[in-house]
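**Q** input-v5.tsv is reproduced below (TSV, C-alpha atoms).
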```
chain	number	residue	atom	x	y	z
R	215	MET	CA	27.96	-4.01	-10.48
R	216	ASN	CA	29.34	-6.99	-12.30
R	217	ASN	CA	27.78	-6.62	-15.76
R	218	LYS	CA	28.81	-10.17	-16.65
R	219	LEU	CA	25.86	-11.31	-14.53
R	220	LEU	CA	23.57	-9.87	-17.21
R	221	ALA	CA	24.79	-12.22	-19.94
R	222	LYS	CA	22.01	-14.40	-21.35
R	223	ALA	CA	23.59	-17.69	-20.29
R	224	VAL	CA	24.00	-16.41	-16.74
R	225	GLN	CA	20.45	-15.08	-16.59
R	226	ASP	CA	19.14	-18.40	-17.90
R	227	TYR	CA	21.09	-20.18	-15.14
R	228	ILE	CA	19.68	-17.85	-12.46
R	229	ASN	CA	16.10	-18.40	-13.66
R	230	ALA	CA	16.57	-22.17	-13.83
R	231	ASN	CA	17.91	-22.36	-10.28
R	232	LEU	CA	15.50	-20.18	-8.31
R	233	ASN	CA	14.58	-23.17	-6.15
R	234	ALA	CA	18.11	-24.51	-5.82
R	235	ASP	CA	20.15	-24.53	-2.59
R	236	VAL	CA	21.99	-21.20	-2.79
R	237	ASN	CA	24.43	-22.31	-0.10
R	238	GLN	CA	25.61	-25.15	-2.31
R	239	ILE	CA	25.91	-22.80	-5.28
R	240	ALA	CA	27.95	-20.33	-3.21
R	241	LEU	CA	30.37	-23.08	-2.16
R	242	ALA	CA	30.69	-24.71	-5.61
R	243	LYS	CA	33.28	-23.96	-8.27
R	244	SER	CA	32.78	-20.97	-10.49
R	245	MET	CA	30.63	-21.77	-13.51
R	246	PHE	CA	31.15	-18.54	-15.45
R	247	GLU	CA	34.33	-16.62	-16.10
R	248	GLY	CA	34.56	-13.41	-14.10
R	249	ILE	CA	31.64	-14.35	-11.86
R	250	SER	CA	32.11	-15.75	-8.37
R	251	PRO	CA	29.78	-18.45	-6.99
R	252	ALA	CA	28.81	-16.03	-4.21
R	253	GLU	CA	27.62	-13.48	-6.79
R	254	LEU	CA	25.47	-16.10	-8.49
R	255	ALA	CA	24.01	-17.20	-5.18
R	256	THR	CA	23.19	-13.60	-4.26
R	257	GLN	CA	21.33	-12.99	-7.53
R	258	ILE	CA	19.31	-16.19	-7.14
R	259	ALA	CA	18.41	-15.58	-3.50
R	260	ALA	CA	17.51	-11.92	-4.02
R	261	LYS	CA	15.42	-12.62	-7.12
R	262	LYS	CA	13.49	-15.37	-5.37
R	263	LYS	CA	12.87	-13.01	-2.42
R	264	SER	CA	11.43	-10.46	-4.86
R	265	ALA	CA	8.78	-12.75	-6.35
R	266	LYS	CA	5.83	-11.55	-4.23
R	267	LYS	CA	7.19	-8.28	-2.95
R	268	LEU	CA	8.45	-6.91	-6.29
R	269	PRO	CA	6.58	-8.79	-9.03
R	270	THR	CA	7.37	-6.22	-11.74
R	271	TRP	CA	11.09	-6.58	-11.11
R	272	PHE	CA	10.82	-10.37	-10.79
R	273	HIS	CA	9.05	-10.78	-14.13
R	274	THR	CA	11.28	-8.34	-16.06
R	275	GLU	CA	14.35	-9.64	-17.88
R	276	ASN	CA	17.86	-8.38	-17.04
R	277	ILE	CA	17.03	-6.94	-13.62
R	278	TYR	CA	20.14	-6.76	-11.45
R	279	TYR	CA	19.62	-7.65	-7.80
R	280	PRO	CA	21.40	-6.21	-4.75
R	281	PRO	CA	22.24	-8.24	-1.61
R	282	ILE	CA	19.15	-9.78	-0.08
R	283	LEU	CA	19.16	-7.32	2.85
R	284	SER	CA	18.30	-4.51	0.43
R	285	ILE	CA	15.32	-6.52	-0.81
R	286	GLU	CA	14.12	-7.03	2.77
R	287	GLN	CA	14.46	-3.34	3.62
R	288	THR	CA	12.87	-1.87	0.51
R	289	SER	CA	9.22	-0.94	0.11
R	290	SER	CA	6.94	-3.44	-1.56
R	291	GLU	CA	5.38	-2.45	-4.87
R	292	LEU	CA	1.99	-2.35	-3.16
R	293	THR	CA	3.04	0.24	-0.56
R	294	ALA	CA	5.21	2.15	-3.05
R	295	GLU	CA	2.24	2.60	-5.36
R	296	TYR	CA	0.17	3.88	-2.46
R	297	LYS	CA	2.90	6.38	-1.47
R	298	SER	CA	3.09	7.69	-5.01
R	299	LYS	CA	-0.45	9.11	-4.61
R	300	LEU	CA	0.82	11.36	-1.81
R	301	ALA	CA	3.36	13.21	-3.97
R	302	LYS	CA	2.59	16.86	-4.63
R	303	GLY	CA	3.48	18.88	-7.73
R	304	ASP	CA	5.76	18.01	-10.66
R	305	THR	CA	9.18	17.50	-9.06
R	306	LEU	CA	10.26	15.09	-6.34
R	307	ILE	CA	13.56	14.10	-4.76
R	308	ASP	CA	14.04	10.78	-2.99
R	309	ILE	CA	16.98	11.51	-0.67
R	310	THR	CA	17.32	7.90	0.53
R	311	GLY	CA	16.79	6.22	-2.81
R	312	GLY	CA	18.05	2.70	-2.11
R	313	LEU	CA	16.98	0.13	-4.68
R	314	GLY	CA	14.66	2.71	-6.26
R	315	ILE	CA	11.27	1.04	-5.82
R	316	ASP	CA	9.67	4.17	-4.37
R	317	SER	CA	11.40	6.41	-6.93
R	318	TYR	CA	10.06	4.25	-9.76
R	319	TYR	CA	6.46	4.59	-8.57
R	320	PHE	CA	6.87	8.31	-7.87
R	321	SER	CA	8.15	8.67	-11.45
R	322	ARG	CA	4.78	7.42	-12.70
R	323	LYS	CA	2.99	10.26	-10.88
R	324	VAL	CA	5.29	13.29	-11.22
R	325	LYS	CA	7.23	14.72	-14.16
R	326	THR	CA	10.76	14.41	-12.77
R	327	VAL	CA	12.31	12.43	-9.91
R	328	THR	CA	15.81	12.77	-8.46
R	329	HIS	CA	17.14	9.63	-6.78
R	330	CYS	CA	19.98	10.08	-4.27
R	331	GLU	CA	21.77	7.05	-2.85
R	332	ILE	CA	25.01	7.32	-0.86
R	333	ASN	CA	26.02	3.70	-1.64
R	334	PRO	CA	27.50	3.88	-5.19
R	335	GLU	CA	26.94	0.18	-5.88
R	336	LEU	CA	23.27	0.38	-4.94
R	337	ALA	CA	22.88	3.63	-6.89
R	338	ALA	CA	24.27	1.94	-10.00
R	339	ILE	CA	21.93	-1.02	-9.57
R	340	ALA	CA	18.91	1.27	-9.16
R	341	GLN	CA	19.87	3.23	-12.28
R	342	HIS	CA	20.36	0.08	-14.37
R	343	ASN	CA	16.99	-1.33	-13.31
R	344	ALA	CA	15.21	1.97	-14.02
R	345	GLN	CA	16.62	1.91	-17.55
R	346	VAL	CA	15.42	-1.67	-18.01
R	347	LEU	CA	11.96	-0.64	-16.76
R	348	LYS	CA	12.02	2.43	-19.08
R	349	ALA	CA	11.65	4.93	-16.23
R	350	ILE	CA	13.38	7.70	-18.19
R	351	ASN	CA	12.33	10.62	-15.96
R	352	ILE	CA	14.53	9.66	-12.99
R	353	ALA	CA	17.91	11.36	-12.49
R	354	PHE	CA	20.37	9.36	-10.39
R	355	LYS	CA	22.88	10.90	-7.97
R	356	ALA	CA	25.34	8.62	-6.16
R	357	GLU	CA	25.68	10.88	-3.14
R	358	ASP	CA	24.24	11.81	0.23
R	359	GLY	CA	20.72	13.19	-0.24
R	360	ILE	CA	20.87	15.76	2.56
R	361	ALA	CA	24.20	17.08	1.25
R	362	TYR	CA	22.74	17.29	-2.26
R	363	ILE	CA	19.76	19.32	-0.98
R	364	LYS	CA	22.02	21.70	0.94
R	365	LYS	CA	24.42	22.45	-1.90
R	366	ASN	CA	21.76	23.02	-4.58
R	367	ASP	CA	19.30	25.87	-4.94
R	368	THR	CA	16.73	23.64	-6.63
R	369	PHE	CA	13.23	23.70	-5.13
R	370	PHE	CA	11.38	20.38	-5.18
R	371	ASP	CA	7.61	20.14	-4.84
R	372	THR	CA	8.01	17.00	-2.73
R	373	ILE	CA	10.90	15.55	-0.72
R	374	TYR	CA	10.71	11.86	0.22
R	375	VAL	CA	12.90	10.33	2.92
R	376	ASP	CA	13.08	6.85	4.42
R	377	PRO	CA	15.46	7.20	7.38
R	378	ALA	CA	17.19	4.09	8.73
R	379	ARG	CA	17.51	3.37	12.43
R	380	ARG	CA	21.09	3.75	13.63
R	381	ALA	CA	20.75	1.76	16.83
R	382	GLU	CA	18.33	-0.64	18.43
R	383	LYS	CA	16.76	0.62	21.64
R	384	GLY	CA	14.25	-2.09	22.43
R	385	LYS	CA	10.92	-1.45	20.78
R	386	VAL	CA	11.13	2.33	21.10
R	387	PHE	CA	13.10	4.64	18.87
R	388	MET	CA	13.21	8.32	18.00
R	389	LEU	CA	13.57	9.97	14.61
R	390	LYS	CA	16.71	11.68	15.90
R	391	ASP	CA	18.23	8.19	16.24
R	392	CYS	CA	17.87	7.58	12.49
R	393	THR	CA	20.02	8.31	9.45
R	394	PRO	CA	19.52	10.84	8.04
R	395	ASP	CA	18.40	12.79	11.09
R	396	VAL	CA	15.26	14.41	9.72
R	397	THR	CA	14.58	16.41	12.88
R	398	SER	CA	17.82	18.40	12.80
R	399	ASN	CA	17.50	18.97	9.04
R	400	LEU	CA	13.78	19.70	8.93
R	401	ASP	CA	14.14	23.47	8.50
R	402	ILE	CA	16.45	23.15	5.48
R	403	LEU	CA	14.10	20.54	3.94
R	404	LEU	CA	11.15	22.90	4.38
R	405	GLU	CA	13.15	25.67	2.68
R	406	LYS	CA	13.59	23.46	-0.39
R	407	SER	CA	10.11	21.96	-0.60
R	408	SER	CA	6.42	22.52	0.14
R	409	ARG	CA	5.75	18.88	1.09
R	410	ILE	CA	7.89	16.29	2.89
R	411	ILE	CA	6.93	12.62	3.08
R	412	ILE	CA	8.74	10.64	5.78
R	413	LYS	CA	8.46	6.87	5.92
R	414	THR	CA	9.14	5.16	9.25
R	415	ALA	CA	8.73	1.69	10.67
R	416	PRO	CA	5.38	1.12	12.43
R	417	LEU	CA	7.24	0.72	15.74
R	418	LEU	CA	7.56	4.50	16.02
R	419	ASP	CA	5.08	5.85	18.55
R	420	ILE	CA	2.72	8.36	16.93
R	421	SER	CA	2.77	10.79	19.85
R	422	ALA	CA	6.58	10.64	20.00
R	423	GLY	CA	6.82	11.32	16.27
R	424	LEU	CA	4.51	14.31	16.52
R	425	ALA	CA	6.61	15.68	19.39
R	426	GLU	CA	9.75	15.54	17.22
R	427	LEU	CA	8.22	16.94	14.04
R	428	LYS	CA	6.21	20.03	13.12
R	429	GLN	CA	3.63	21.04	10.51
R	430	VAL	CA	2.42	17.43	10.20
R	431	SER	CA	-0.80	17.53	8.19
R	432	GLU	CA	-1.40	13.78	7.93
R	433	ILE	CA	-0.15	10.45	9.25
R	434	HIS	CA	-0.87	7.38	7.14
R	435	ILE	CA	-0.72	3.99	8.85
R	436	VAL	CA	-0.41	1.43	6.08
R	437	SER	CA	-1.10	-2.26	6.59
R	438	VAL	CA	-1.16	-5.29	4.29
R	439	LYS	CA	-2.97	-8.46	5.32
R	440	ASN	CA	-3.40	-7.25	8.90
R	441	GLU	CA	0.28	-6.38	9.33
R	442	CYS	CA	1.42	-2.77	9.74
R	443	LYS	CA	4.09	-2.11	7.15
R	444	GLU	CA	4.91	1.59	7.50
R	445	LEU	CA	3.97	4.96	8.89
R	446	LEU	CA	3.94	7.89	6.48
R	447	TRP	CA	4.29	11.39	7.91
R	448	ILE	CA	3.09	14.17	5.62
R	449	ILE	CA	4.59	17.56	6.44
R	450	ASP	CA	3.14	20.52	4.54
R	451	LYS	CA	4.91	23.86	4.81
R	452	GLY	CA	2.94	26.29	6.95
R	453	TYR	CA	0.38	23.73	8.18
R	454	GLU	CA	-0.81	24.58	11.69
R	455	ASN	CA	-4.14	22.75	12.04
R	456	ASP	CA	-5.09	19.42	13.57
R	457	THR	CA	-3.26	16.34	12.24
R	458	LYS	CA	-5.38	13.88	10.26
R	459	VAL	CA	-4.71	10.19	10.93
R	460	ARG	CA	-5.50	7.69	8.19
R	461	ALA	CA	-5.43	3.95	8.87
R	462	VAL	CA	-5.21	2.39	5.41
R	463	THR	CA	-5.52	-1.31	4.61
R	464	LEU	CA	-4.29	-2.63	1.26
R	465	ASN	CA	-5.56	-6.10	0.48
R	466	ARG	CA	-6.11	-7.86	-2.86
R	467	GLY	CA	-6.78	-4.61	-4.67
R	468	ASN	CA	-9.26	-3.56	-1.97
R	469	GLU	CA	-8.26	-0.35	-0.16
R	470	LYS	CA	-10.08	0.74	3.01
R	471	ASP	CA	-9.48	3.98	4.87
R	472	PHE	CA	-10.37	4.81	8.49
R	473	SER	CA	-9.69	8.54	8.94
R	474	PHE	CA	-10.04	10.98	11.81
R	475	TYR	CA	-8.47	14.11	13.25
R	476	LYS	CA	-6.14	13.55	16.20
R	477	SER	CA	-8.19	15.74	18.53
R	478	SER	CA	-11.31	13.58	18.04
R	479	SER	CA	-9.69	10.21	18.82
R	480	ASN	CA	-10.98	10.02	22.42
R	481	ALA	CA	-14.63	9.34	21.67
R	482	SER	CA	-17.07	7.64	24.02
R	483	VAL	CA	-18.31	4.15	23.20
R	484	GLN	CA	-20.90	1.63	24.35
R	485	PHE	CA	-19.87	-1.61	26.08
R	486	THR	CA	-21.82	-4.85	26.30
R	487	ASP	CA	-21.92	-8.14	28.14
R	488	ASN	CA	-24.88	-9.38	26.10
R	489	LEU	CA	-23.70	-11.69	23.33
R	490	ASN	CA	-26.01	-13.78	21.16
R	491	ILE	CA	-25.57	-16.61	18.71
R	492	GLY	CA	-25.85	-15.32	15.15
R	493	GLU	CA	-24.34	-11.92	15.93
R	494	TYR	CA	-21.13	-10.72	14.33
R	495	LEU	CA	-17.81	-10.11	16.05
R	496	TYR	CA	-15.51	-7.42	14.66
R	497	GLU	CA	-11.72	-7.46	15.05
R	498	PRO	CA	-10.03	-4.22	13.85
R	499	ASP	CA	-7.12	-4.41	11.43
R	500	ALA	CA	-3.63	-3.76	12.81
R	501	ALA	CA	-3.61	-0.30	11.19
R	502	LEU	CA	-6.73	0.72	13.12
R	503	LEU	CA	-5.25	-0.55	16.37
R	504	LYS	CA	-2.01	1.35	15.73
R	505	SER	CA	-4.06	4.55	15.35
R	506	GLY	CA	-5.00	4.34	19.03
R	507	ALA	CA	-8.59	5.45	18.33
R	508	PHE	CA	-10.03	2.38	20.02
R	509	ASN	CA	-13.41	3.89	21.00
R	510	LEU	CA	-13.80	5.93	17.81
R	511	ILE	CA	-13.79	2.67	15.84
R	512	GLY	CA	-17.04	1.72	17.56
R	513	THR	CA	-18.82	5.03	17.00
R	514	THR	CA	-17.66	5.27	13.39
R	515	TYR	CA	-18.96	1.86	12.35
R	516	GLY	CA	-21.90	1.64	14.76
R	517	ILE	CA	-20.58	-1.40	16.61
R	518	ILE	CA	-20.49	-2.07	20.37
R	519	LYS	CA	-17.30	-2.81	22.28
R	520	LEU	CA	-16.98	-5.89	24.48
R	521	HIS	CA	-14.72	-4.44	27.20
R	522	PRO	CA	-12.53	-1.33	27.74
R	523	GLN	CA	-9.38	-3.44	27.30
R	524	THR	CA	-10.80	-5.79	24.67
R	525	GLN	CA	-10.45	-4.39	21.17
R	526	LEU	CA	-13.30	-6.49	19.86
R	527	PHE	CA	-16.76	-5.26	18.84
R	528	ILE	CA	-20.20	-6.74	18.24
R	529	ALA	CA	-23.08	-5.98	15.84
R	530	ASP	CA	-26.18	-7.74	14.54
R	531	GLN	CA	-25.27	-7.16	10.89
R	532	VAL	CA	-22.27	-7.40	8.56
R	533	LYS	CA	-20.62	-4.11	7.61
R	534	THR	CA	-18.26	-4.96	4.76
R	535	ASP	CA	-16.64	-1.51	4.77
R	536	PHE	CA	-15.09	-2.34	8.16
R	537	PRO	CA	-11.28	-2.70	7.90
R	538	GLY	CA	-10.64	-5.97	9.69
R	539	ARG	CA	-11.94	-9.45	10.30
R	540	ILE	CA	-15.60	-10.25	10.87
R	541	PHE	CA	-16.77	-13.48	12.51
R	542	LYS	CA	-20.23	-14.99	12.94
R	543	ILE	CA	-20.84	-16.32	16.45
R	544	GLU	CA	-22.01	-19.94	16.27
R	545	SER	CA	-21.97	-20.74	19.99
R	546	ILE	CA	-20.97	-19.25	23.33
R	547	LEU	CA	-18.95	-21.64	25.47
R	548	ASN	CA	-17.36	-21.97	28.89
R	549	THR	CA	-14.37	-23.99	30.03
R	550	GLY	CA	-16.64	-26.85	31.03
R	551	ASP	CA	-17.89	-27.14	27.46
R	552	LEU	CA	-14.31	-27.31	26.19
R	553	LYS	CA	-13.42	-30.12	28.60
R	554	LYS	CA	-16.36	-32.21	27.40
R	555	ASP	CA	-15.60	-31.81	23.70
R	556	THR	CA	-12.97	-34.34	22.63
R	557	LYS	CA	-12.90	-33.14	19.02
R	558	LEU	CA	-12.36	-29.41	19.39
R	559	LYS	CA	-11.31	-27.67	16.18
R	560	GLY	CA	-10.43	-24.07	15.44
R	561	ASN	CA	-7.81	-21.36	15.20
R	562	VAL	CA	-7.33	-19.95	18.70
R	563	ILE	CA	-7.53	-16.17	19.20
R	564	VAL	CA	-6.85	-14.67	22.64
R	565	ARG	CA	-7.91	-11.09	23.44
R	566	ASN	CA	-7.77	-9.91	27.06
R	567	TYR	CA	-8.00	-13.46	28.43
R	568	PRO	CA	-5.76	-14.91	31.18
R	569	ALA	CA	-4.01	-17.57	29.10
R	570	LYS	CA	-1.71	-17.91	26.10
R	571	PRO	CA	-2.97	-19.44	22.82
R	572	GLU	CA	-0.39	-22.22	22.83
R	573	ASP	CA	-1.32	-23.19	26.40
R	574	LEU	CA	-5.02	-23.31	25.53
R	575	VAL	CA	-4.37	-25.48	22.47
R	576	LYS	CA	-2.38	-27.91	24.59
R	577	LYS	CA	-4.81	-27.92	27.55
R	578	TYR	CA	-7.96	-28.56	25.51
R	579	LYS	CA	-6.28	-30.54	22.68
R	580	ILE	CA	-7.59	-28.15	20.04
R	581	ILE	CA	-7.02	-29.22	16.43
R	582	ALA	CA	-6.20	-26.43	13.96
R	583	ASP	CA	-8.90	-25.56	11.44
R	584	GLN	CA	-8.71	-23.02	8.63
R	585	ASP	CA	-12.27	-21.66	8.77
R	586	GLN	CA	-13.33	-22.29	12.35
R	587	PHE	CA	-12.21	-20.05	15.24
R	588	LEU	CA	-12.23	-20.25	19.03
R	589	ILE	CA	-12.04	-16.73	20.46
R	590	PHE	CA	-11.12	-16.39	24.12
R	591	THR	CA	-11.96	-12.94	25.46
R	592	LYS	CA	-13.56	-10.79	28.19
R	593	ILE	CA	-16.87	-8.89	28.18
R	594	ALA	CA	-18.06	-5.71	29.90
R	595	ASN	CA	-19.00	-7.32	33.25
R	596	GLY	CA	-15.50	-8.79	33.54
R	597	ALA	CA	-16.51	-12.36	32.71
R	598	ASN	CA	-14.34	-14.50	30.47
R	599	VAL	CA	-16.11	-16.01	27.48
R	600	ILE	CA	-15.22	-18.37	24.66
R	601	LEU	CA	-16.82	-17.82	21.28
R	602	LYS	CA	-16.97	-20.46	18.59
R	603	ALA	CA	-17.16	-18.55	15.33
R	604	SER	CA	-16.76	-18.82	11.57
R	605	ILE	CA	-14.91	-16.27	9.45
R	606	ILE	CA	-17.07	-13.99	7.30
R	607	GLN	CA	-14.48	-11.41	6.20
R	608	TYR	CA	-10.70	-11.52	6.41
R	609	TYR	CA	-9.83	-7.88	5.57
```
Could you write out this file's structure as structure tokens?

**A**
Amino acid sequence: MNNKLLAKAVQDYINANLNADVNQIALAKSMFEGISPAELATQIAAKKKSAKKLPTWFHTENIYYPPILSIEQTSSELTAEYKSKLAKGDTLIDITGGLGIDSYYFSRKVKTVTHCEINPELAAIAQHNAQVLKAINIAFKAEDGIAYIKKNDTFFDTIYVDPARRAEKGKVFMLKDCTPDVTSNLDILLEKSSRIIIKTAPLLDISAGLAELKQVSEIHIVSVKNECKELLWIIDKGYENDTKVRAVTLNRGNEKDFSFYKSSSNASVQFTDNLNIGEYLYEPDAALLKSGAFNLIGTTYGIIKLHPQTQLFIADQVKTDFPGRIFKIESILNTGDLKKDTKLKGNVIVRNYPAKPEDLVKKYKIIADQDQFLIFTKIANGANVILKASIIQYY
């Protein structure tokens, strides 16, 4: 850390230049003694990146920012606050502490938090920011979290770990390919805690994760604005029952939860090829789709599925507890109708239809519209249909 960056004049400059070209600042002459232009540019870029993701940090004076990559990789405040509810007991250790966003929110739920970060620079930054935010119940250790666990006899009620992928292998990866390797250290972690929370990227296949882990009591699939942000694996010592899957959507202070036990995910469902104007079309949130319980969605919410490979549903009423978008069908069209209409407007959605959205927009000269939608899909009898619809619910 370069503490000179915390001087009032420097902080005033950073705040005044949040919309400036950081590349020009990085290449300009140094404006402050002992501070390089690159350091100034980093603080400006990282702070600007934090505005929506980390509003508490952004609006607090004298926060020190790490390189922008750390901002991109850290949890958002929204997901960190959700994770904090999953902590068990009074003591928690975050063995991959990073910038300390998760540790900060855990510290608001448990009595004491230990933050381990192997990068000494990042550990120092996290400690400084915690002091600024008055999080006095966090102890900081600039060392490897797994090594710290192994060398100490301390028992923690909860262990939290956010392993990083070591190598890219397409869209598939295993926990054993991450750092730290949770799978090879799982037994020692279970010796030192009664609950382990593992955060992974949503790319991790749920079945593959369950094959690598043991004693998984719950899996939380967390999405924000229809985008899966993280998977949370809850391991409780001695748990041997069915794993509960929770698809959780966090939107504008409105939390929705679609929960089921893994063994009940293969439910039967009704299909339909009978669509009517005035009915409502349901599109599940990304978290629900990630859960893989495609048919169970229909039976849970009392809605009928359009086609086995079309993850869209229909109902004659609005069910606002549904996690996802709801549309009202205004008309049912065919390709001939589209060719005749020279003023087509709408956002194009394609679900199980033999064409790409961009090709359809070009072919039918569709003009974008914020509230109107053209949904290209397939129904139970195999026919392709086009639904003109208005949005009733976004999340």

**Q** R:Ile277, R:Ala265, R:Leu445, R:Val430: which is nearest R:Pro416, counting all atoms listed in the file?

**A**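 For R:Pro416, the nearest of the given residues is R:Leu445.
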
**Q** Quick one: residues within 9 Å of (11.2, 4.0, -14.4) (file frame), counting all atoms listed in the file, please, as a PyMOL selection string.

**A** chain R and resi 314+317-322+341+343-352

**Q** Take the residues just selected and output them with C-alpha atoms as a PDB file, keeping the file's coordinate frame.

**A**
```pdb
ATOM      1  CA  GLY R 314      14.660   2.710  -6.260  1.00  0.00           C
ATOM      2  CA  SER R 317      11.400   6.410  -6.930  1.00  0.00           C
ATOM      3  CA  TYR R 318      10.060   4.250  -9.760  1.00  0.00           C
ATOM      4  CA  TYR R 319       6.460   4.590  -8.570  1.00  0.00           C
ATOM      5  CA  PHE R 320       6.870   8.310  -7.870  1.00  0.00           C
ATOM      6  CA  SER R 321       8.150   8.670 -11.450  1.00  0.00           C
ATOM      7  CA  ARG R 322       4.780   7.420 -12.700  1.00  0.00           C
ATOM      8  CA  GLN R 341      19.870   3.230 -12.280  1.00  0.00           C
ATOM      9  CA  ASN R 343      16.990  -1.330 -13.310  1.00  0.00           C
ATOM     10  CA  ALA R 344      15.210   1.970 -14.020  1.00  0.00           C
ATOM     11  CA  GLN R 345      16.620   1.910 -17.550  1.00  0.00           C
ATOM     12  CA  VAL R 346      15.420  -1.670 -18.010  1.00  0.00           C
ATOM     13  CA  LEU R 347      11.960  -0.640 -16.760  1.00  0.00           C
ATOM     14  CA  LYS R 348      12.020   2.430 -19.080  1.00  0.00           C
ATOM     15  CA  ALA R 349      11.650   4.930 -16.230  1.00  0.00           C
ATOM     16  CA  ILE R 350      13.380   7.700 -18.190  1.00  0.00           C
ATOM     17  CA  ASN R 351      12.330  10.620 -15.960  1.00  0.00           C
ATOM     18  CA  ILE R 352      14.530   9.660 -12.990  1.00  0.00           C
TER      19      ILE R 352
END
```

**Q** Rank nothing, just name the residue among R:Thr310, R:Thr397, R:Ser289, R:Thr514 nearest to R:Asp535, using all atoms listed in the file.

**A**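 Going through R:Thr310, R:Thr397, R:Ser289, R:Thr514 one by one, the smallest distance to R:Asp535 is for R:Thr514.
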
**Q** Just to confirm, what's the straight-line distance from atom CA of R:Ser545 to atom CA of R:Ala603 in Å (one decimal)?

**A**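 Separating atom CA of R:Ser545 from atom CA of R:Ala603 is a distance of 7.0 Å.
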
**Q** Measuring between only C-alpha atoms, which one of R:Ala356, R:Ile373, R:Ile593, R:Leu526 shows the shortest distance to R:Val327?

**A**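 Counting only C-alpha atoms, the residue closest to R:Val327 is R:Ile373.
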
**Q** Where does stretch 485-528 of chain R meet stretch 594-598 of chain R within 7 Å, residue by residue, with the nearest atom pair and distance in Å to one decimal for each, counting only C-alpha atoms, listed by chain and rising number, as a Markdown table?

**A**
```
| residue | atom | partner | partner_atom | distance |
| --- | --- | --- | --- | --- |
| R:Phe485 | CA | R:Ala594 | CA | 5.9 |
| R:Thr486 | CA | R:Ala594 | CA | 5.3 |
| R:Asp487 | CA | R:Ala594 | CA | 4.9 |
| R:Leu520 | CA | R:Ala594 | CA | 5.5 |
| R:His521 | CA | R:Ala594 | CA | 4.5 |
```

**Q** To one decimal place, how far is atom CA of R:Asn561 from atom CA of R:Ala500 in Å?

**A**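 A separation of 18.2 Å between them.
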
**Q** Between atom CA of R:Asp391 and atom CA of R:Pro377, what distance in Å does the model show, to one decimal?

**A** 9.3 Å

**Q** Using only C-alpha atoms, find the one residue out of R:Gly560, R:Gly452, R:Gly423, R:Pro568 that sits nearest to R:Ala582.

**A**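 Of all the options, R:Gly560 lies closest to R:Ala582.
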
**Q** With N, CA and C atoms as the target, complete stretch 500-512 of chain R and hand it back as a PDB file, in the coordinates of the input.

**A**
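The resulting file, selection.pdb, is shown below:
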```pdb
ATOM      1  N   ALA R 500      -4.789  -4.273  12.071  1.00  0.00           N
ATOM      2  CA  ALA R 500      -3.630  -3.760  12.810  1.00  0.00           C
ATOM      3  C   ALA R 500      -3.423  -2.263  12.618  1.00  0.00           C
ATOM      4  N   ALA R 501      -3.762  -1.741  11.442  1.00  0.00           N
ATOM      5  CA  ALA R 501      -3.610  -0.300  11.190  1.00  0.00           C
ATOM      6  C   ALA R 501      -4.550   0.508  12.073  1.00  0.00           C
ATOM      7  N   LEU R 502      -5.787   0.031  12.256  1.00  0.00           N
ATOM      8  CA  LEU R 502      -6.730   0.720  13.120  1.00  0.00           C
ATOM      9  C   LEU R 502      -6.254   0.697  14.567  1.00  0.00           C
ATOM     10  N   LEU R 503      -5.737  -0.443  14.997  1.00  0.00           N
ATOM     11  CA  LEU R 503      -5.250  -0.550  16.370  1.00  0.00           C
ATOM     12  C   LEU R 503      -4.049   0.359  16.602  1.00  0.00           C
ATOM     13  N   LYS R 504      -3.171   0.470  15.614  1.00  0.00           N
ATOM     14  CA  LYS R 504      -2.010   1.350  15.730  1.00  0.00           C
ATOM     15  C   LYS R 504      -2.443   2.803  15.861  1.00  0.00           C
ATOM     16  N   SER R 505      -3.581   3.168  15.298  1.00  0.00           N
ATOM     17  CA  SER R 505      -4.060   4.550  15.350  1.00  0.00           C
ATOM     18  C   SER R 505      -4.377   4.981  16.777  1.00  0.00           C
ATOM     19  N   GLY R 506      -4.687   4.019  17.649  1.00  0.00           N
ATOM     20  CA  GLY R 506      -5.000   4.340  19.030  1.00  0.00           C
ATOM     21  C   GLY R 506      -6.421   4.827  19.258  1.00  0.00           C
ATOM     22  N   ALA R 507      -7.216   4.939  18.201  1.00  0.00           N
ATOM     23  CA  ALA R 507      -8.590   5.450  18.330  1.00  0.00           C
ATOM     24  C   ALA R 507      -9.543   4.294  18.617  1.00  0.00           C
ATOM     25  N   PHE R 508      -9.314   3.621  19.739  1.00  0.00           N
ATOM     26  CA  PHE R 508     -10.030   2.380  20.020  1.00  0.00           C
ATOM     27  C   PHE R 508     -11.545   2.591  20.148  1.00  0.00           C
ATOM     28  N   ASN R 509     -11.965   3.652  20.833  1.00  0.00           N
ATOM     29  CA  ASN R 509     -13.410   3.890  21.000  1.00  0.00           C
ATOM     30  C   ASN R 509     -14.035   4.465  19.737  1.00  0.00           C
ATOM     31  N   LEU R 510     -13.282   5.302  19.029  1.00  0.00           N
ATOM     32  CA  LEU R 510     -13.800   5.930  17.810  1.00  0.00           C
ATOM     33  C   LEU R 510     -14.155   4.889  16.755  1.00  0.00           C
ATOM     34  N   ILE R 511     -13.474   3.766  16.774  1.00  0.00           N
ATOM     35  CA  ILE R 511     -13.790   2.670  15.840  1.00  0.00           C
ATOM     36  C   ILE R 511     -15.245   2.256  16.015  1.00  0.00           C
ATOM     37  N   GLY R 512     -15.670   2.132  17.288  1.00  0.00           N
ATOM     38  CA  GLY R 512     -17.040   1.720  17.560  1.00  0.00           C
ATOM     39  C   GLY R 512     -18.069   2.725  17.097  1.00  0.00           C
TER      40      GLY R 512
END
```
